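File shown: my_file_33.cif (mmCIF, C-alpha atoms).
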data_structure
loop_
_atom_site.label_atom_id
_atom_site.label_comp_id
_atom_site.auth_asym_id
_atom_site.auth_seq_id
_atom_site.Cartn_x
_atom_site.Cartn_y
_atom_site.Cartn_z
CA MET A 1 109.56 131.33 72.73
CA GLY A 2 108.31 132.00 76.26
CA SER A 3 109.26 129.82 79.16
CA ALA A 4 106.82 128.01 81.42
CA THR A 5 105.57 129.98 84.39
CA SER A 6 107.45 129.07 87.59
CA ASP A 7 106.16 128.86 91.12
CA ALA A 8 107.83 130.30 94.22
CA THR A 9 110.54 127.61 94.10
CA GLY A 10 111.45 128.46 90.51
CA VAL A 11 110.35 125.02 89.27
CA PRO A 12 107.88 124.96 86.34
CA PRO A 13 104.56 123.50 87.57
CA LEU A 14 104.57 120.84 84.84
CA LEU A 15 107.84 119.49 86.21
CA VAL A 16 106.77 119.22 89.85
CA ARG A 17 106.79 115.56 90.88
CA GLY A 18 103.47 114.40 92.30
CA ARG A 19 102.93 111.67 94.84
CA GLY A 20 99.67 110.36 93.45
CA GLY A 21 96.73 109.18 95.45
CA GLY A 22 98.57 106.51 97.42
CA LEU A 23 96.98 103.22 98.34
CA ALA A 24 93.47 104.55 97.69
CA GLU A 25 94.39 105.28 94.07
CA ALA A 26 96.04 101.88 93.70
CA LEU A 27 92.90 100.14 94.95
CA GLY A 28 90.91 102.09 92.38
CA ARG A 29 93.12 100.86 89.51
CA ARG A 30 91.65 97.36 89.55
CA TYR A 31 92.42 96.70 85.89
CA LEU A 32 96.11 97.52 86.33
CA LEU A 33 96.15 95.48 89.52
CA SER A 34 94.70 92.46 87.73
CA LEU A 35 97.31 92.81 84.97
CA LEU A 36 100.15 92.81 87.50
CA VAL A 37 98.70 89.80 89.33
CA ARG A 38 98.33 87.85 86.08
CA LYS A 39 101.86 88.81 85.07
CA GLU A 40 103.31 87.50 88.32
CA LEU A 41 101.36 84.26 88.01
CA ARG A 42 102.41 83.76 84.38
CA VAL A 43 106.06 84.29 85.25
CA ARG A 44 105.86 81.88 88.17
CA TYR A 45 104.17 79.08 86.22
CA ARG A 46 105.87 79.62 82.87
CA ALA A 47 106.48 76.35 80.94
CA SER A 48 104.53 74.44 83.60
CA VAL A 49 102.06 71.76 82.49
CA LEU A 50 99.79 72.03 85.53
CA GLY A 51 100.30 75.76 85.98
CA LEU A 52 98.18 77.07 88.83
CA GLY A 53 97.09 73.48 89.48
CA TRP A 54 100.34 73.01 91.40
CA SER A 55 98.94 75.30 94.08
CA TYR A 56 96.36 72.56 94.74
CA VAL A 57 98.66 69.56 94.41
CA LYS A 58 101.36 70.83 96.75
CA PRO A 59 99.14 71.59 99.78
CA ALA A 60 97.25 68.32 99.31
CA VAL A 61 100.49 66.33 99.39
CA GLN A 62 101.74 68.42 102.31
CA PHE A 63 98.60 67.75 104.32
CA GLY A 64 98.86 64.02 103.59
CA VAL A 65 102.46 63.96 104.81
CA TYR A 66 101.51 65.72 108.05
CA PHE A 67 98.58 63.39 108.62
CA VAL A 68 100.62 60.22 108.13
CA ALA A 69 104.02 61.26 109.55
CA LEU A 70 102.89 63.30 112.55
CA GLY A 71 99.45 61.89 113.22
CA MET A 72 100.02 58.19 112.62
CA VAL A 73 103.75 57.45 112.73
CA LEU A 74 105.03 59.85 115.39
CA ARG A 75 101.64 59.86 117.12
CA GLN A 76 101.69 63.43 118.40
CA ARG A 77 99.24 63.34 121.34
CA GLU A 78 99.30 66.76 122.97
CA ILE A 79 97.20 68.33 120.20
CA GLY A 80 94.34 66.36 118.69
CA ASP A 81 93.86 66.35 114.91
CA TYR A 82 97.40 67.67 114.69
CA ALA A 83 97.54 67.67 110.88
CA VAL A 84 94.61 70.11 110.74
CA TYR A 85 96.10 72.24 113.52
CA LEU A 86 99.52 72.38 111.85
CA PHE A 87 98.24 72.94 108.33
CA GLY A 88 95.91 75.74 109.43
CA GLY A 89 98.75 77.60 111.12
CA LEU A 90 101.11 77.05 108.21
CA ALA A 91 98.52 78.35 105.74
CA VAL A 92 98.38 81.64 107.63
CA VAL A 93 102.12 82.03 108.18
CA SER A 94 103.16 80.90 104.68
CA THR A 95 100.71 83.35 103.12
CA PHE A 96 102.12 86.17 105.22
CA THR A 97 105.74 85.27 104.45
CA GLU A 98 105.07 84.94 100.72
CA ALA A 99 103.28 88.29 100.62
CA VAL A 100 105.96 90.12 102.62
CA SER A 101 108.90 88.52 100.80
CA ASN A 102 107.53 89.34 97.35
CA SER A 103 106.33 92.80 98.40
CA THR A 104 109.83 93.63 99.63
CA ARG A 105 111.20 92.92 96.14
CA SER A 106 108.20 94.23 94.20
CA VAL A 107 109.32 97.79 93.44
CA VAL A 108 112.87 96.77 92.48
CA ALA A 109 111.53 93.88 90.37
CA ASN A 110 109.38 96.33 88.40
CA ALA A 111 112.14 98.91 87.94
CA ASP A 112 111.43 99.29 84.20
CA LEU A 113 107.82 100.24 84.85
CA VAL A 114 108.83 102.65 87.61
CA ARG A 115 111.29 104.46 85.33
CA LYS A 116 109.15 104.60 82.19
CA ILE A 117 105.50 105.18 83.04
CA TYR A 118 103.35 106.64 85.77
CA LEU A 119 101.17 104.35 87.84
CA PRO A 120 100.55 104.18 91.57
CA ARG A 121 103.68 102.52 92.94
CA GLU A 122 101.59 100.94 95.70
CA LEU A 123 100.26 98.60 93.03
CA PHE A 124 103.45 96.54 93.21
CA PRO A 125 103.26 95.51 96.90
CA LEU A 126 99.48 95.25 96.60
CA SER A 127 99.73 92.84 93.65
CA SER A 128 102.19 90.67 95.64
CA VAL A 129 99.65 90.41 98.47
CA CYS A 130 96.96 89.48 95.94
CA VAL A 131 99.15 86.74 94.45
CA ALA A 132 99.69 85.32 97.93
CA ALA A 133 95.90 85.36 98.39
CA VAL A 134 95.48 83.39 95.15
CA HIS A 135 97.84 80.74 96.50
CA LEU A 136 96.03 80.72 99.85
CA ALA A 137 92.70 79.72 98.29
CA PRO A 138 93.78 76.13 97.41
CA GLN A 139 95.26 75.71 100.88
CA LEU A 140 91.93 76.67 102.42
CA VAL A 141 90.18 74.12 100.22
CA VAL A 142 92.57 71.36 101.35
CA LEU A 143 92.31 72.52 104.96
CA GLY A 144 88.51 72.49 104.83
CA LEU A 145 88.39 68.99 103.35
CA GLY A 146 90.88 67.69 105.90
CA ALA A 147 88.96 69.26 108.77
CA LEU A 148 85.68 67.81 107.48
CA ALA A 149 87.27 64.37 107.37
CA CYS A 150 88.25 64.79 111.04
CA GLY A 151 84.70 65.67 112.09
CA TRP A 152 84.64 69.46 111.79
CA ARG A 153 81.43 71.19 110.75
CA PRO A 154 81.18 74.91 109.89
CA ASP A 155 79.56 77.24 112.43
CA ALA A 156 78.73 80.95 112.47
CA VAL A 157 81.44 81.93 114.97
CA GLY A 158 83.99 79.91 113.06
CA THR A 159 83.06 81.63 109.80
CA VAL A 160 83.55 85.05 111.41
CA ALA A 161 86.87 83.86 112.85
CA LEU A 162 88.00 82.71 109.39
CA LEU A 163 87.14 86.05 107.77
CA ALA A 164 88.84 87.93 110.61
CA SER A 165 91.98 85.79 110.22
CA LEU A 166 92.17 86.51 106.49
CA ALA A 167 91.53 90.24 106.95
CA LEU A 168 94.16 90.43 109.68
CA VAL A 169 96.83 88.69 107.60
CA GLY A 170 96.05 90.80 104.55
CA THR A 171 96.17 94.10 106.44
CA LEU A 172 99.38 93.26 108.27
CA ALA A 173 101.12 91.87 105.17
CA LEU A 174 100.21 94.91 103.08
CA GLY A 175 101.44 97.33 105.75
CA VAL A 176 104.74 95.50 106.22
CA GLY A 177 105.07 95.04 102.44
CA LEU A 178 104.66 98.75 101.74
CA LEU A 179 107.22 99.65 104.39
CA LEU A 180 109.84 97.10 103.32
CA GLY A 181 109.18 97.53 99.60
CA ALA A 182 110.01 101.23 99.86
CA LEU A 183 113.06 100.77 102.08
CA ASN A 184 114.44 98.00 99.86
CA VAL A 185 114.79 100.47 96.99
CA LEU A 186 117.32 102.39 99.09
CA PHE A 187 118.91 99.47 100.97
CA ARG A 188 119.11 96.33 98.79
CA ASP A 189 120.51 94.17 101.61
CA LEU A 190 117.13 94.46 103.27
CA GLU A 191 115.55 91.71 101.18
CA ASN A 192 118.16 89.20 102.37
CA LEU A 193 117.62 90.25 105.97
CA VAL A 194 113.87 89.88 105.52
CA ASP A 195 114.33 86.35 104.17
CA LEU A 196 116.30 85.40 107.29
CA LEU A 197 113.68 86.85 109.62
CA LEU A 198 110.85 85.14 107.77
CA MET A 199 112.61 81.79 108.19
CA VAL A 200 112.14 81.96 111.96
CA LEU A 201 108.73 83.64 111.88
CA VAL A 202 106.88 80.33 111.87
CA TRP A 203 108.28 79.59 115.34
CA LEU A 204 106.95 82.86 116.78
CA SER A 205 103.32 81.80 116.37
CA PRO A 206 101.44 78.70 117.61
CA VAL A 207 101.87 76.60 114.48
CA PHE A 208 103.89 73.58 115.65
CA TYR A 209 102.94 73.98 119.31
CA SER A 210 100.04 75.31 121.37
CA ALA A 211 100.04 78.85 122.78
CA ARG A 212 99.54 77.30 126.21
CA ARG A 213 103.17 76.16 126.15
CA VAL A 214 104.36 79.74 125.81
CA THR A 215 102.10 80.84 128.67
CA ASP A 216 103.45 78.06 130.89
CA LEU A 217 107.02 78.99 129.97
CA VAL A 218 106.92 82.77 130.50
CA GLY A 219 104.10 82.94 133.05
CA ALA A 220 100.44 83.78 132.55
CA GLY A 221 99.83 87.51 132.40
CA SER A 222 103.52 88.39 132.15
CA LEU A 223 104.71 91.08 129.74
CA LEU A 224 106.14 88.48 127.35
CA ASP A 225 102.90 86.52 127.45
CA ARG A 226 100.83 89.62 126.67
CA LEU A 227 103.16 90.61 123.82
CA TYR A 228 102.98 87.10 122.39
CA GLN A 229 99.18 87.02 122.56
CA ALA A 230 98.93 90.51 121.01
CA ASN A 231 101.14 89.57 118.04
CA PRO A 232 98.75 89.96 115.06
CA LEU A 233 100.15 86.87 113.37
CA THR A 234 99.62 84.80 116.52
CA VAL A 235 96.02 86.03 116.68
CA ALA A 236 95.47 85.25 112.98
CA VAL A 237 96.73 81.69 113.52
CA GLU A 238 94.49 81.20 116.55
CA LEU A 239 91.50 82.55 114.60
CA MET A 240 92.20 80.02 111.86
CA HIS A 241 92.39 77.28 114.50
CA ARG A 242 89.06 78.42 115.92
CA ALA A 243 87.54 78.46 112.44
CA THR A 244 88.55 74.90 111.48
CA TRP A 245 90.49 72.78 113.93
CA ALA A 246 88.63 73.65 117.18
CA GLY A 247 85.43 71.93 116.11
CA ALA A 248 87.01 68.79 114.67
CA SER A 249 87.12 66.72 117.87
CA PRO A 250 85.87 67.15 121.46
CA GLY A 251 88.50 68.82 123.60
CA ASN A 252 90.21 70.74 120.81
CA ALA A 253 88.44 73.96 121.74
CA ASP A 254 90.01 73.79 125.22
CA LEU A 255 93.38 74.71 123.68
CA VAL A 256 92.00 77.87 122.04
CA PRO A 257 93.19 80.68 124.34
CA GLY A 258 90.64 82.72 126.25
CA GLY A 259 90.29 86.38 125.45
CA LEU A 260 90.62 85.77 121.72
CA LEU A 261 88.06 88.47 120.95
CA ARG A 262 90.03 91.05 122.95
CA ASP A 263 93.29 89.97 121.32
CA THR A 264 91.68 90.23 117.88
CA VAL A 265 90.68 93.85 118.49
CA VAL A 266 94.20 94.70 119.67
CA ALA A 267 95.73 92.87 116.69
CA PHE A 268 93.59 94.82 114.23
CA VAL A 269 94.57 98.12 115.87
CA VAL A 270 98.25 97.15 115.58
CA SER A 271 97.86 95.97 111.97
CA VAL A 272 96.05 99.13 110.88
CA GLY A 273 98.78 101.15 112.58
CA VAL A 274 101.42 99.23 110.62
CA LEU A 275 99.46 99.83 107.41
CA VAL A 276 99.28 103.58 108.08
CA LEU A 277 103.01 103.68 108.85
CA GLY A 278 103.86 101.63 105.76
CA GLN A 279 101.79 103.87 103.51
CA ALA A 280 103.32 107.03 105.02
CA VAL A 281 106.90 105.80 104.49
CA PHE A 282 106.09 104.54 100.99
CA ARG A 283 104.58 107.86 99.92
CA ARG A 284 107.49 109.78 101.41
CA LEU A 285 110.07 107.73 99.48
CA THR A 286 108.17 107.09 96.25
CA GLY A 287 109.55 110.25 94.61
CA ARG A 288 113.06 108.77 94.85
CA PHE A 289 112.27 105.41 93.30
CA ALA A 290 113.02 106.28 89.67
CA GLN A 291 116.30 107.96 90.62
CA GLU A 292 117.46 105.09 92.84
CA LEU A 293 116.50 102.42 90.31
#

Can the structure in the file be given as structure tokens, please?
Amino acid sequence: MGSATSDATGVPPLLVRGRGGGLAEALGRRYLLSLLVRKELRVRYRASVLGLGWSYVKPAVQFGVYFVALGMVLRQREIGDYAVYLFGGLAVVSTFTEAVSNSTRSVVANADLVRKIYLPRELFPLSSVCVAAVHLAPQLVVLGLGALACGWRPDAVGTVALLASLALVGTLALGVGLLLGALNVLFRDLENLVDLLLMVLVWLSPVFYSARRVTDLVGAGSLLDRLYQANPLTVAVELMHRATWAGASPGNADLVPGGLLRDTVVAFVVSVGVLVLGQAVFRRLTGRFAQEL
């Protein structure tokens, strides 16, 4: 029986490991992506009576607590409509942290699939980002209702700001998720380190406080101030504030930082760069996944 023809390396062509089409191929496998998303949701809400309904109940209760405790009892005065301000920022940051945390674990969590069948490995981090987006939708509903109750009305600029905020978070989360998901296969301690970093991430963006406080602290136009304003997550939070909270009461818009359009462009450039880096590292390491797992 003849042997398979070998190439210059002496390896039969049928045994050469391919890298696949990367993220573009994963985006084209929408059916597989939907299966992975449904699987993650079923596992999360297994044996639950309300199921996905909890994703509506929890943010509604959370918003009510913020409104009563911070708006009425503690009477936070620096930022008007503070419950809307806080909830909008938390919706952005919590979505990012959920997507990154689950993406970091996604390849290892699907080790059986990685070892047994071929599919674009990028599907695993991508499905984690999609699950986070599913959980974001109820938060946006609660946020919109709360903002309407405070006097906010939708406007064209705010709608664009909302879409930009969502696109920015999704791009950044996917890029970071691809990078960390690949590295976590080789270094399992990484997921614990990521959890620690994500715990403090909420304090690095204007969620509990206004960005003006940071500017006053480090000096307007200083290097630290520019780095803070260029942080894509900071920009995404401010875009969400512009989309909802800024129009709720007179004077709120004064706390929205100037130059938001410029910062948004910079943030998208940074986020796309992170996505390109994450995809490059993921594709470089994907051939080792089955062996390491």

Show me, as JSON lines, the residues of region 171-271 of chain A having an atom within 10 Å of region 155-163 of chain A, each with the closest atom pair and its distance in Å, using all atoms listed in the file.
{"residue": "A:Ala236", "atom": "CA", "partner": "A:Leu162", "partner_atom": "CA", "distance": 8.7}
{"residue": "A:Val237", "atom": "CA", "partner": "A:Leu162", "partner_atom": "CA", "distance": 9.7}
{"residue": "A:Glu238", "atom": "CA", "partner": "A:Ala161", "partner_atom": "CA", "distance": 8.9}
{"residue": "A:Leu239", "atom": "CA", "partner": "A:Ala161", "partner_atom": "CA", "distance": 5.1}
{"residue": "A:Met240", "atom": "CA", "partner": "A:Leu162", "partner_atom": "CA", "distance": 5.6}
{"residue": "A:His241", "atom": "CA", "partner": "A:Leu162", "partner_atom": "CA", "distance": 8.7}
{"residue": "A:Arg242", "atom": "CA", "partner": "A:Gly158", "partner_atom": "CA", "distance": 6.0}
{"residue": "A:Ala243", "atom": "CA", "partner": "A:Gly158", "partner_atom": "CA", "distance": 3.9}
{"residue": "A:Thr244", "atom": "CA", "partner": "A:Gly158", "partner_atom": "CA", "distance": 7.0}
{"residue": "A:Trp245", "atom": "CA", "partner": "A:Gly158", "partner_atom": "CA", "distance": 9.7}
{"residue": "A:Ala246", "atom": "CA", "partner": "A:Gly158", "partner_atom": "CA", "distance": 8.8}
{"residue": "A:Gly247", "atom": "CA", "partner": "A:Gly158", "partner_atom": "CA", "distance": 8.7}
{"residue": "A:Leu260", "atom": "CA", "partner": "A:Ala161", "partner_atom": "CA", "distance": 9.8}
{"residue": "A:Leu261", "atom": "CA", "partner": "A:Ala161", "partner_atom": "CA", "distance": 9.4}
{"residue": "A:Thr264", "atom": "CA", "partner": "A:Ala161", "partner_atom": "CA", "distance": 9.4}

Let me make sure I understand: among A:Phe87, A:Trp152, A:Tyr209, A:Phe289, which one has the smallest atom-to-atom distance to Val114 (chain A) if we use all atoms listed in the file?
A:Phe289

Can you pull out every residue within 9 Å of Ser210 (chain A), counting only C-alpha atoms, but drop anything in the same chain fewer than 2 positions away, and send it as a list in words?
Glu78, Ile79, Ser205, Pro206, Val207, Phe208, Arg212, Arg213, Val214, Leu255 and Val256 of chain A

Keeping only C-alpha atoms, take the residues you just selected and write them out as a compact mmCIF listing (two decimals), keeping the file's coordinate frame.
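Result file out10.txt:
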# COMPACT_ATOMS: atom_id res chain seq x y z
CA GLU A 78 99.30 66.76 122.97
CA ILE A 79 97.20 68.33 120.20
CA SER A 205 103.32 81.80 116.37
CA PRO A 206 101.44 78.70 117.61
CA VAL A 207 101.87 76.60 114.48
CA PHE A 208 103.89 73.58 115.65
CA ARG A 212 99.54 77.30 126.21
CA ARG A 213 103.17 76.16 126.15
CA VAL A 214 104.36 79.74 125.81
CA LEU A 255 93.38 74.71 123.68
CA VAL A 256 92.00 77.87 122.04

Straight-line distance linking CA of Gly175 (chain A) with CA of Gly278 (chain A), stated in Å to one decimal:
4.9 Å

Suppose a student applies the PyMOL selection byres ((chain A and resi 121) around 8) to this structure; what residues should they get, written as a PyMOL selection string?
chain A and resi 22+26+107+114+119-120+122-124+286

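Going from CA of Asp112 (chain A) to CA of Val129 (chain A) covers 20.5 Å.
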
Which centre and edge lengths in Å to one decimal define the box along x, y and z that fits every listed atom of region 100-107 of chain A plus 6 Å per side, as lines of an AutoDock Vina configuration file?
center_x = 108.6
center_y = 93.2
center_z = 98.0
size_x = 17.2
size_y = 21.3
size_z = 21.2

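For the pair CA of Leu86 (chain A) and CA of Gly273 (chain A), the interatomic distance is 28.8 Å.
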
Ala290 (chain A) environment, 12 Å, only C-alpha atoms, sequence neighbours closer than 4 positions dropped, as an MDAnalysis selection string
chainID A and resid 17 107:108 110:118 121 182 185:186 285:286

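Taking all atoms listed in the file into account, Arg153 (chain A) lies nearest to A:Ser249 out of the set A:Arg44, A:Ser249, A:Val272, A:Ala220.
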
Evaluated on this file, the PyMOL selection byres ((chain A and resi 143) around 8) picks out some residues - which ones are they, written as a PyMOL selection string?
chain A and resi 63+84+87-88+139-142+144-147+244

The residue from A:Ala267, A:Ala211, A:Cys150, A:Leu35 with the smallest atom-to-atom distance to Asn231 (chain A), counting all atoms listed in the file, is A:Ala267

Let me know the residues the PyMOL selection byres ((chain A and resi 102) around 9) catches in the file above, as a ChimeraX atom specification.
/A:97-101,103-106,125,128-129,132,177,181

Which residues are near Met199 (chain A)? Cut-off 12 Å, all atoms listed in the file, ignore same chain within fewer than 5 positions. Put them as JSON, numbers by chain.
{"A": [93, 94, 96, 97, 98, 101, 192, 193, 194, 204]}

Hey, what's within 10 Å of Asp263 (chain A) if we count all atoms listed in the file and toss same-chain stuff fewer than 2 positions away? As a PyMOL selection string, please?
chain A and resi 226+229-232+234-236+257-261+265-269

With distances taken over all atoms listed in the file, which residue among A:Leu174, A:Val37, A:Leu196, A:Leu233 lies nearest Leu90 (chain A)?
A:Leu233

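For the point (97.6, 82.5, 100.1), the residues with an atom at a distance of at most 7 Å are Thr95, Ala132, Ala133, Val134, His135, Leu136 and Ala137 of chain A, counting all atoms listed in the file.
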